[in-house]
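Student: start_20.cif is reproduced in full below (mmCIF, C-alpha atoms).
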```
data_upload
#
loop_
_atom_site.label_atom_id
_atom_site.label_comp_id
_atom_site.auth_asym_id
_atom_site.auth_seq_id
_atom_site.Cartn_x
_atom_site.Cartn_y
_atom_site.Cartn_z
CA MET A 259 133.61 96.92 114.58
CA TYR A 260 134.86 98.31 111.32
CA ARG A 261 136.98 95.28 110.48
CA HIS A 262 133.91 93.37 109.36
CA ALA A 263 132.37 96.27 107.49
CA SER A 264 134.55 95.94 104.40
CA ARG A 265 133.96 92.20 104.20
CA ARG A 266 130.19 92.68 104.54
CA LEU A 267 130.21 95.40 101.91
CA ILE A 268 131.90 93.13 99.37
CA GLN A 269 129.52 90.31 100.22
CA ALA A 270 126.54 92.59 99.78
CA LEU A 271 127.77 93.83 96.40
CA GLY A 272 128.66 90.30 95.32
CA ASP A 273 125.29 88.67 95.77
CA GLY A 274 123.37 91.63 94.40
CA GLY A 275 120.82 89.25 92.93
CA ARG A 276 119.74 88.07 96.37
CA ARG A 277 118.97 91.54 97.70
CA ARG A 278 115.37 91.80 98.83
CA SER A 279 113.38 94.35 96.86
CA PHE A 280 110.85 96.84 98.18
CA SER A 281 107.22 95.86 97.74
CA THR A 282 106.79 98.70 95.27
CA ASP A 283 109.56 97.43 92.98
CA LEU A 284 108.14 93.95 92.46
CA PRO A 285 105.84 93.37 89.48
CA ALA A 286 102.17 93.46 90.41
CA ALA A 287 101.23 90.04 91.81
CA SER A 288 98.55 88.12 89.96
CA SER A 289 95.21 88.52 91.63
CA GLU A 290 94.65 84.78 91.76
CA ASP A 291 96.71 82.13 93.46
CA ALA A 292 97.22 79.62 90.62
CA ALA A 293 98.46 76.75 92.77
CA PHE A 294 95.46 77.05 95.10
CA VAL A 295 92.94 77.10 92.26
CA GLU A 296 94.54 74.04 90.68
CA ALA A 297 94.53 72.07 93.92
CA TRP A 298 90.89 73.03 94.49
CA ARG A 299 89.86 71.92 91.02
CA LYS A 300 91.40 68.50 91.65
CA VAL A 301 89.45 67.98 94.85
CA ALA A 302 86.15 69.66 94.03
CA PRO A 303 85.89 70.20 90.27
CA SER A 304 82.22 71.15 90.23
CA ILE A 305 82.37 73.94 92.86
CA ASP A 306 83.85 77.33 92.04
CA PRO A 307 87.03 78.01 94.00
CA PRO A 308 86.58 80.68 96.68
CA LYS A 309 88.40 83.97 96.28
CA THR A 310 91.50 84.32 98.42
CA PRO A 311 92.44 87.61 100.08
CA LEU A 312 94.98 88.14 97.30
CA ALA A 313 92.13 88.55 94.81
CA PHE A 314 90.60 91.41 96.77
CA MET A 315 93.78 93.42 97.20
CA LYS A 316 94.67 96.02 94.63
CA PRO A 317 98.36 95.70 93.74
CA ARG A 318 100.60 98.57 94.82
CA PRO A 319 101.40 100.99 92.02
CA PRO A 320 105.04 100.45 91.01
CA THR A 321 107.71 103.10 91.57
CA PRO A 322 107.59 105.41 88.57
CA SER A 323 110.89 106.18 86.89
CA SER A 324 110.32 109.95 86.97
CA ILE A 325 109.05 111.90 89.96
CA PRO A 326 105.24 112.01 89.92
CA SER A 327 103.48 115.35 90.18
CA LYS A 328 101.10 114.46 92.99
CA LEU A 329 101.29 112.63 96.28
CA THR A 330 98.65 109.99 97.07
CA VAL A 331 97.61 110.17 100.70
CA ASN A 332 95.79 107.63 102.87
CA PHE A 333 95.02 108.89 106.36
CA VAL A 334 93.30 106.34 108.60
CA LEU A 335 92.08 106.23 112.16
CA PRO A 336 90.97 103.09 113.97
CA TYR A 337 87.30 104.01 113.61
CA GLN A 338 87.20 105.70 110.23
CA SER A 339 89.20 106.51 107.14
CA GLU A 340 89.78 110.28 107.01
CA ILE A 341 91.48 110.52 103.63
CA SER A 342 91.54 107.68 101.15
CA ASN A 343 93.61 107.75 97.95
CA LYS A 344 93.55 111.51 97.64
CA GLU A 345 96.00 113.20 95.29
CA VAL A 346 97.59 116.19 96.97
CA ASP A 347 100.59 118.46 96.49
CA MET A 348 102.21 118.24 99.92
CA VAL A 349 101.66 116.88 103.41
CA ILE A 350 103.39 118.17 106.55
CA VAL A 351 103.56 115.51 109.25
CA PRO A 352 104.52 116.11 112.90
CA ALA A 353 107.33 113.57 113.21
CA THR A 354 109.28 113.09 116.44
CA THR A 355 112.25 114.59 114.61
CA GLY A 356 110.27 117.75 113.78
CA GLN A 357 107.71 118.93 111.24
CA MET A 358 108.47 116.96 108.08
CA GLY A 359 107.25 118.12 104.70
CA VAL A 360 106.51 115.35 102.24
CA LEU A 361 106.52 116.17 98.53
CA PRO A 362 106.02 113.79 95.62
CA GLY A 363 109.25 111.87 95.06
CA HIS A 364 110.18 111.87 98.76
CA VAL A 365 112.58 109.13 99.78
CA ALA A 366 110.89 106.11 101.36
CA THR A 367 110.63 106.81 105.09
CA ILE A 368 108.89 105.53 108.18
CA ALA A 369 108.30 108.29 110.70
CA GLU A 370 106.92 108.01 114.20
CA LEU A 371 104.58 110.91 114.89
CA LYS A 372 104.38 113.03 118.01
CA PRO A 373 101.27 114.96 119.11
CA GLY A 374 101.04 117.81 116.61
CA VAL A 375 99.40 119.26 113.55
CA LEU A 376 99.17 117.38 110.26
CA SER A 377 98.46 119.63 107.30
CA VAL A 378 97.39 118.51 103.86
CA HIS A 379 98.08 121.02 101.07
CA GLU A 380 96.07 120.73 97.87
CA GLY A 381 96.29 123.68 95.48
CA ASN A 382 95.46 126.69 97.62
CA GLU A 383 93.57 124.91 100.36
CA VAL A 384 95.11 123.52 103.52
CA THR A 385 93.34 121.06 105.81
CA LYS A 386 94.78 120.78 109.31
CA TYR A 387 94.27 117.93 111.77
CA PHE A 388 95.64 117.59 115.26
CA VAL A 389 97.11 114.09 115.52
CA SER A 390 97.59 112.43 118.92
CA SER A 391 100.33 110.02 117.82
CA GLY A 392 100.90 107.44 115.13
CA PHE A 393 103.10 106.64 112.18
CA ALA A 394 103.62 107.91 108.66
CA PHE A 395 104.83 105.52 105.97
CA ILE A 396 106.12 107.18 102.84
CA HIS A 397 106.68 104.73 100.02
CA ALA A 398 108.99 105.07 97.07
CA ASN A 399 106.01 105.31 94.71
CA SER A 400 104.80 108.53 96.41
CA VAL A 401 101.97 106.88 98.31
CA THR A 402 101.85 108.08 101.90
CA ASP A 403 100.01 106.13 104.55
CA ILE A 404 99.39 107.94 107.81
CA VAL A 405 97.91 106.06 110.72
CA ALA A 406 96.88 107.75 113.94
CA VAL A 407 94.89 106.75 116.98
CA GLU A 408 93.02 110.04 117.27
CA ALA A 409 92.94 113.00 114.92
CA VAL A 410 90.62 116.00 115.04
CA PRO A 411 90.27 119.09 112.86
CA VAL A 412 91.93 121.92 114.77
CA ASP A 413 88.70 123.90 115.14
CA ARG A 414 87.19 121.20 117.36
CA ILE A 415 89.65 121.82 120.17
CA ASP A 416 88.44 123.73 123.22
CA PRO A 417 91.08 126.30 124.33
CA SER A 418 89.91 126.57 127.93
CA LEU A 419 90.19 122.82 128.47
CA VAL A 420 93.67 122.89 126.97
CA GLN A 421 94.84 125.64 129.34
CA LYS A 422 93.33 123.86 132.30
CA GLY A 423 94.95 120.57 131.32
CA LEU A 424 98.32 122.23 130.83
CA ALA A 425 98.18 123.86 134.27
CA ASP A 426 97.08 120.59 135.91
CA PHE A 427 99.82 118.50 134.39
CA THR A 428 102.57 121.06 134.97
CA GLN A 429 101.60 121.01 138.60
CA LYS A 430 101.52 117.21 138.65
CA LEU A 431 104.93 117.08 137.05
CA ASN A 432 106.40 119.02 139.94
CA SER A 433 104.68 117.03 142.62
CA THR A 434 104.96 113.36 141.57
CA THR A 435 107.66 111.03 142.76
CA THR A 436 107.51 107.68 140.95
CA ASP A 437 108.97 107.30 137.44
CA LEU A 438 105.69 106.15 135.92
CA GLU A 439 103.69 109.08 137.28
CA LYS A 440 106.38 111.48 136.19
CA ALA A 441 106.23 110.01 132.69
CA GLU A 442 102.45 110.34 132.58
CA ALA A 443 102.62 113.93 133.76
CA GLN A 444 105.30 114.66 131.17
CA ILE A 445 103.10 113.15 128.45
CA GLY A 446 100.25 115.36 129.66
CA VAL A 447 102.43 118.45 129.47
CA ASP A 448 103.69 117.53 125.99
CA VAL A 449 100.24 116.85 124.57
CA HIS A 450 98.68 119.99 126.02
CA SER A 451 101.57 122.18 124.89
CA ALA A 452 101.21 120.77 121.40
CA LEU A 453 97.46 121.44 121.50
CA ASN A 454 98.18 124.98 122.62
CA ALA A 455 100.66 125.52 119.81
CA ALA A 456 98.15 124.09 117.33
CA LEU A 457 95.48 126.54 118.47
CA SER A 458 97.70 129.56 118.16
CA GLY A 459 99.67 128.51 115.05
CA MET B 183 127.73 96.80 114.69
CA ALA B 184 126.49 99.69 116.81
CA SER B 185 128.21 100.11 120.11
CA MET B 186 125.56 102.56 121.37
CA ALA B 187 121.80 101.95 121.49
CA ALA B 188 119.49 104.68 120.18
CA ALA B 189 118.33 107.21 122.77
CA VAL B 190 115.33 105.77 124.62
CA PRO B 191 112.18 107.94 124.84
CA PHE B 192 111.34 109.04 128.39
CA TRP B 193 108.17 106.94 128.57
CA ARG B 194 110.00 103.77 127.65
CA ALA B 195 112.67 104.52 130.22
CA ALA B 196 109.88 104.76 132.81
CA GLY B 197 108.64 101.29 131.84
CA MET B 198 105.71 102.28 129.60
CA THR B 199 105.07 100.56 126.27
CA TYR B 200 104.34 102.48 123.05
CA ILE B 201 100.70 101.37 123.03
CA THR B 202 100.13 102.69 126.54
CA TYR B 203 101.80 105.98 125.57
CA SER B 204 99.74 106.27 122.40
CA ASN B 205 96.48 105.51 124.22
CA ILE B 206 97.22 108.08 126.92
CA CYS B 207 97.93 110.72 124.25
CA ALA B 208 94.69 109.86 122.45
CA SER B 209 92.55 110.03 125.59
CA LEU B 210 94.10 113.38 126.57
CA VAL B 211 93.29 114.79 123.13
CA ARG B 212 89.72 113.48 123.38
CA GLY B 213 89.39 115.22 126.72
CA CYS B 214 90.17 118.57 125.14
CA LEU B 215 87.47 118.59 122.50
CA LYS B 216 84.47 120.93 122.22
CA GLU B 217 81.14 119.67 123.36
CA PRO B 218 79.28 117.52 120.83
CA TYR B 219 82.55 115.92 119.71
CA ARG B 220 83.63 115.25 123.25
CA SER B 221 80.67 113.01 124.08
CA GLU B 222 81.01 111.16 120.77
CA ALA B 223 84.67 110.56 121.50
CA ALA B 224 83.99 109.36 125.03
CA ALA B 225 82.00 106.49 123.52
CA ARG B 226 85.13 105.42 121.64
CA GLU B 227 87.09 104.89 124.81
CA LYS B 228 84.81 102.32 126.34
CA VAL B 229 86.27 98.83 126.69
CA HIS B 230 84.45 95.66 127.57
CA PHE B 231 86.24 92.38 128.02
CA ALA B 232 86.27 89.31 130.25
CA VAL B 233 89.50 87.89 131.65
CA SER B 234 89.80 84.37 133.00
CA LYS B 235 92.77 82.44 134.27
CA TRP B 236 93.02 78.79 133.28
CA ALA B 237 94.36 75.91 135.36
CA ASN B 238 94.42 72.21 134.44
CA GLY B 239 92.48 72.82 131.27
CA LYS B 240 89.57 74.54 133.02
CA PRO B 241 88.82 78.22 133.40
CA GLU B 242 89.09 79.20 137.05
CA LYS B 243 87.21 82.43 137.35
CA SER B 244 86.10 85.08 134.94
CA SER B 245 86.23 88.77 135.76
CA ILE B 246 84.41 91.08 133.40
CA ARG B 247 85.94 94.50 132.89
CA SER B 248 83.63 97.05 131.44
CA ASP B 249 84.57 100.69 131.83
CA SER B 250 85.96 103.65 129.96
CA HIS B 251 89.71 103.94 129.48
CA ALA B 252 91.10 105.18 132.74
CA GLU B 253 93.78 107.87 132.58
#
```
In C-alpha cells, what does this structure look like?

Tutor:
Amino acid sequence: MYRHASRRLIQALGDGGRRRSFSTDLPAASSEDAAFVEAWRKVAPSIDPPKTPLAFMKPRPPTPSSIPSKLTVNFVLPYQSEISNKEVDMVIVPATTGQMGVLPGHVATIAELKPGVLSVHEGNEVTKYFVSSGFAFIHANSVTDIVAVEAVPVDRIDPSLVQKGLADFTQKLNSTTTDLEKAEAQIGVDVHSALNAALSG
Amino acid sequence: MASMAAAVPFWRAAGMTYITYSNICASLVRGCLKEPYRSEAAAREKVHFAVSKWANGKPEKSSIRSDSHAE
C-alpha cells in the first residue's frame, strides 16, 4: 500500500498546474455566457438573448488572504430560509464527531450533523435551534452553509412529550428483534435524549 | 489505499439509507413540539404521489398514495 504512495506524491507535486482548485479560489465567473450569447445572436439577431442561470447567481466571494473578522452564515430548511447571509462571530454545530465551534478562518470542512443544538453567537446574543439532522459546509472564505431537514427554536419543544417518547423508545429498544426495528428504536432513543439534553442545557 | 473501510453508522448497517434516517429524525422532532407548532409541522409531513408500473410502453395501473409520513 505504501509502495505507491511515494510515486503518487511525486506525481502530484509534479503536475501542480493540473490540481483542481476550490470554487472559492477561482476568479469570479462572468455573469454572462459569452459563447451562448454569440450563438443566439447568429440565429435570432432581433430577439434579446434570454438570461441563463449563470446570470442570476452571485459569484462566491473569494478566499481573503487574511482571516476575516466575521463569519457569514446561511441556515436553510426545506421549507424556509432561517438565516440568510448573516454576519456572526461564531456558530456551534452539532456534528457527529461532537459539538464543533466554527470561527472565522475555520478550515474548509463538511460535517454531517446529528440531532442536537445549533447555536449562533452574535455579540452578546445567542440564538439556539434544535436541529434534527443535516450537513454543515464550511468554506475557505468563511461562508458557512448549514442545511437541515427540521430545526426549531429550543423553546418550542414540549418536555412532557420528550420524556414520554424517550420512555417509549427505550422500551421498544429492549423488546424488538429485527435489525431494522432495533435501528429505528435506537434512532428514537438518540433523538429524544438529544432533545432532553437540549432542554436542560 | 485504505485497507479498512470507515466505521458504518448503525442505521446503515441495519439496511437504512441516510434519507430514511434523516426523515425519521425529523418526524420525531416534529412530534415533540408544543401545540400550535405541532399542527403546523404535521402539515409538512403530508405526501401525495401516484405510482404506476409500466409494461410494453403503457402504464399498467396507478396507485395514488396520499398520507402523512408514517413512522

Student: Can you check which parts of region 196-234 of chain B lie within 9 Å of region 405-414 of chain A? Per residue, the shortest pair of atoms and distance in Å to one decimal, counting all atoms listed in the file, sorted by chain and number, as CSV.

Tutor:
```
residue,atom,partner,partner_atom,distance
B:Ser204,CA,A:Val407,CA,7.3
B:Asn205,CA,A:Val407,CA,7.5
B:Cys207,CA,A:Glu408,CA,8.6
B:Ala208,CA,A:Glu408,CA,5.4
B:Ser209,CA,A:Glu408,CA,8.3
B:Val211,CA,A:Glu408,CA,7.5
B:Arg212,CA,A:Glu408,CA,7.7
B:Cys214,CA,A:Arg414,CA,8.7
B:Leu215,CA,A:Arg414,CA,5.8
B:Lys216,CA,A:Arg414,CA,5.6
B:Glu217,CA,A:Arg414,CA,8.7
B:Tyr219,CA,A:Arg414,CA,7.4
```

Student: To one decimal place, how far is CA of Val420 (chain A) from CA of Val449 (chain A) in Å?

Tutor: 9.2 Å

Student: Step by step, work through what the PyMOL selection byres ((chain B) within 12 of (chain A)) selects in the shown file, and finish by giving those residues as a PyMOL selection string.

Tutor: chain B and resi 183-186+191-220+222-227+253

Student: Report, in Å to a single decimal, how far apart CA of Thr402 (chain A) and CA of Thr321 (chain A) are.

Tutor: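 Atom-to-atom, CA of Thr321 (chain A) to CA of Thr402 (chain A), that is 12.9 Å.
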
Student: Please indicate the distance in Å from CA of Val378 (chain A) to CA of Val346 (chain A), rounded to one decimal place.

Tutor: 7.3 Å

Student: For the PyMOL selection byres ((chain A and resi 332) around 12), applied here, can you spell out every residue it catches as a list in words?

Tutor: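 Output of the PyMOL selection byres ((chain A and resi 332) around 12): Leu329, Thr330, Val331, Phe333, Val334, Leu335, Gln338, Ser339, Glu340, Ile341, Ser342, Asn343, Lys344, Glu345, Val346, Val349, Val378, Phe393, Ala394, Phe395, Ile396, His397, Ser400, Val401, Thr402, Asp403, Ile404, Val405 and Ala406 of chain A.
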
Student: Limited to C-alpha atoms, could you put the picked residues into a file as a PDB file, in the frame of the given file?

Tutor:
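Saved the output as result-v8.pdb:
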```
ATOM      1  CA  LEU A 329     101.290 112.630  96.280  1.00  0.00           C
ATOM      2  CA  THR A 330      98.650 109.990  97.070  1.00  0.00           C
ATOM      3  CA  VAL A 331      97.610 110.170 100.700  1.00  0.00           C
ATOM      4  CA  PHE A 333      95.020 108.890 106.360  1.00  0.00           C
ATOM      5  CA  VAL A 334      93.300 106.340 108.600  1.00  0.00           C
ATOM      6  CA  LEU A 335      92.080 106.230 112.160  1.00  0.00           C
ATOM      7  CA  GLN A 338      87.200 105.700 110.230  1.00  0.00           C
ATOM      8  CA  SER A 339      89.200 106.510 107.140  1.00  0.00           C
ATOM      9  CA  GLU A 340      89.780 110.280 107.010  1.00  0.00           C
ATOM     10  CA  ILE A 341      91.480 110.520 103.630  1.00  0.00           C
ATOM     11  CA  SER A 342      91.540 107.680 101.150  1.00  0.00           C
ATOM     12  CA  ASN A 343      93.610 107.750  97.950  1.00  0.00           C
ATOM     13  CA  LYS A 344      93.550 111.510  97.640  1.00  0.00           C
ATOM     14  CA  GLU A 345      96.000 113.200  95.290  1.00  0.00           C
ATOM     15  CA  VAL A 346      97.590 116.190  96.970  1.00  0.00           C
ATOM     16  CA  VAL A 349     101.660 116.880 103.410  1.00  0.00           C
ATOM     17  CA  VAL A 378      97.390 118.510 103.860  1.00  0.00           C
ATOM     18  CA  PHE A 393     103.100 106.640 112.180  1.00  0.00           C
ATOM     19  CA  ALA A 394     103.620 107.910 108.660  1.00  0.00           C
ATOM     20  CA  PHE A 395     104.830 105.520 105.970  1.00  0.00           C
ATOM     21  CA  ILE A 396     106.120 107.180 102.840  1.00  0.00           C
ATOM     22  CA  HIS A 397     106.680 104.730 100.020  1.00  0.00           C
ATOM     23  CA  SER A 400     104.800 108.530  96.410  1.00  0.00           C
ATOM     24  CA  VAL A 401     101.970 106.880  98.310  1.00  0.00           C
ATOM     25  CA  THR A 402     101.850 108.080 101.900  1.00  0.00           C
ATOM     26  CA  ASP A 403     100.010 106.130 104.550  1.00  0.00           C
ATOM     27  CA  ILE A 404      99.390 107.940 107.810  1.00  0.00           C
ATOM     28  CA  VAL A 405      97.910 106.060 110.720  1.00  0.00           C
ATOM     29  CA  ALA A 406      96.880 107.750 113.940  1.00  0.00           C
TER      30      ALA A 406
END
```

Student: For the PyMOL selection byres ((chain A and resi 427-429) around 8), applied here, can you spell out every residue it catches as a ChimeraX atom specification?

Tutor: /A:423-426,430-433,443-444,446-447

Student: Restrict the selected residues to C-alpha atoms and save them as a PDB file, keeping the file's coordinate frame.

Tutor:
```pdb
ATOM      1  CA  GLY A 423      94.950 120.570 131.320  1.00  0.00           C
ATOM      2  CA  LEU A 424      98.320 122.230 130.830  1.00  0.00           C
ATOM      3  CA  ALA A 425      98.180 123.860 134.270  1.00  0.00           C
ATOM      4  CA  ASP A 426      97.080 120.590 135.910  1.00  0.00           C
ATOM      5  CA  LYS A 430     101.520 117.210 138.650  1.00  0.00           C
ATOM      6  CA  LEU A 431     104.930 117.080 137.050  1.00  0.00           C
ATOM      7  CA  ASN A 432     106.400 119.020 139.940  1.00  0.00           C
ATOM      8  CA  SER A 433     104.680 117.030 142.620  1.00  0.00           C
ATOM      9  CA  ALA A 443     102.620 113.930 133.760  1.00  0.00           C
ATOM     10  CA  GLN A 444     105.300 114.660 131.170  1.00  0.00           C
ATOM     11  CA  GLY A 446     100.250 115.360 129.660  1.00  0.00           C
ATOM     12  CA  VAL A 447     102.430 118.450 129.470  1.00  0.00           C
TER      13      VAL A 447
END
```

Student: Between A:Ala292, A:Ala456, A:Ala302, A:Val351, which one has atoms that come closest to Ile368 (chain A), using only C-alpha atoms?

Tutor: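 The shortest atom-to-atom distance to Ile368 (chain A) comes from A:Val351.
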
Student: Give the padded box for region 398-411 of chain A as JSON: axis-aligned, covering all atoms listed in the file, 4 Å on each side, centre and edge lengths in Å to one decimal.

Tutor:
```
{"center_x": 99.6, "center_y": 112.1, "center_z": 106.0, "size_x": 26.7, "size_y": 22.0, "size_z": 30.6}
```

Student: List as a list in words the protein and nucleic acid residues near Ser244 (chain B), meaning an atom at most 10 Å away when only C-alpha atoms are counted, but skip any in the same chain fewer than 4 places from it.

Tutor: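 What passes the distance filter is Ala232, Val233, Ser234, Lys235 and Trp236 of chain B.
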
Student: Those residues you just picked out, can you put them in a file as a short mmCIF file (atom, residue, chain, number, x, y, z; two decimals), in the coordinates of the input with C-alpha atoms?

Tutor:
```cif
data_model
loop_
_atom_site.label_atom_id
_atom_site.label_comp_id
_atom_site.auth_asym_id
_atom_site.auth_seq_id
_atom_site.Cartn_x
_atom_site.Cartn_y
_atom_site.Cartn_z
CA ALA B 232 86.27 89.31 130.25
CA VAL B 233 89.50 87.89 131.65
CA SER B 234 89.80 84.37 133.00
CA LYS B 235 92.77 82.44 134.27
CA TRP B 236 93.02 78.79 133.28
#
```
